[in-house]
Amino acid sequence: MDDATRSEIIEMALSDHTSFANIEALHGVSPDEVKALMRSTLKPGSYRAWRKRVRDFGTRRATYK
């Protein structure tokens with residue numbers, strides 16, 4: 001995967017308006033692969049905050065990541 005694609009996936013994952021399903025449809029990257037990419041790219045605290053936000057929003061909205 002090239003840097004531009006990786007950057008776009010990270011940007012989409014950080015967005016609260018883009019689901020894992022949309023990322024997978026556009027780039028063919030599974031949710032587990034997105035999480036692994038985010039873990040390797042973000043600082044540990046930033047990764048934990050992102051995962052917490054995804055989990056929290058996921059329990060409040062039926063169609064969130």
# chains A, B, ... in the order shown; residues from 1 in each chain; ligands from 1
$ select_by_dssp --residues "chain A" --states "helix (DSSP H, G or I)" --output "PyMOL selection string"
chain A and resi 3-14+20-27+31-41+44-60
$ closest_residue --among "A:Val34, A:Ser19, A:Ala25, A:Pro44" --to "Gly58 in chain A" --atoms "only C-alpha atoms"
A:Ser19
$ residues_around --residues "Asn22 in chain A" --least-positions-apart "5" --cutoff "10 Å" --atoms "only C-alpha atoms" --output "list in words"
Met12, Ala13, His17, His27, Gly28, Val29 and Lys65 of chain A
$ residues_around --residues "Leu42 in chain A" --least-positions-apart "4" --cutoff "12 Å" --atoms "only C-alpha atoms" --output "number ranges by chain"
A: 7, 10-11, 13-14, 34-38, 46-51
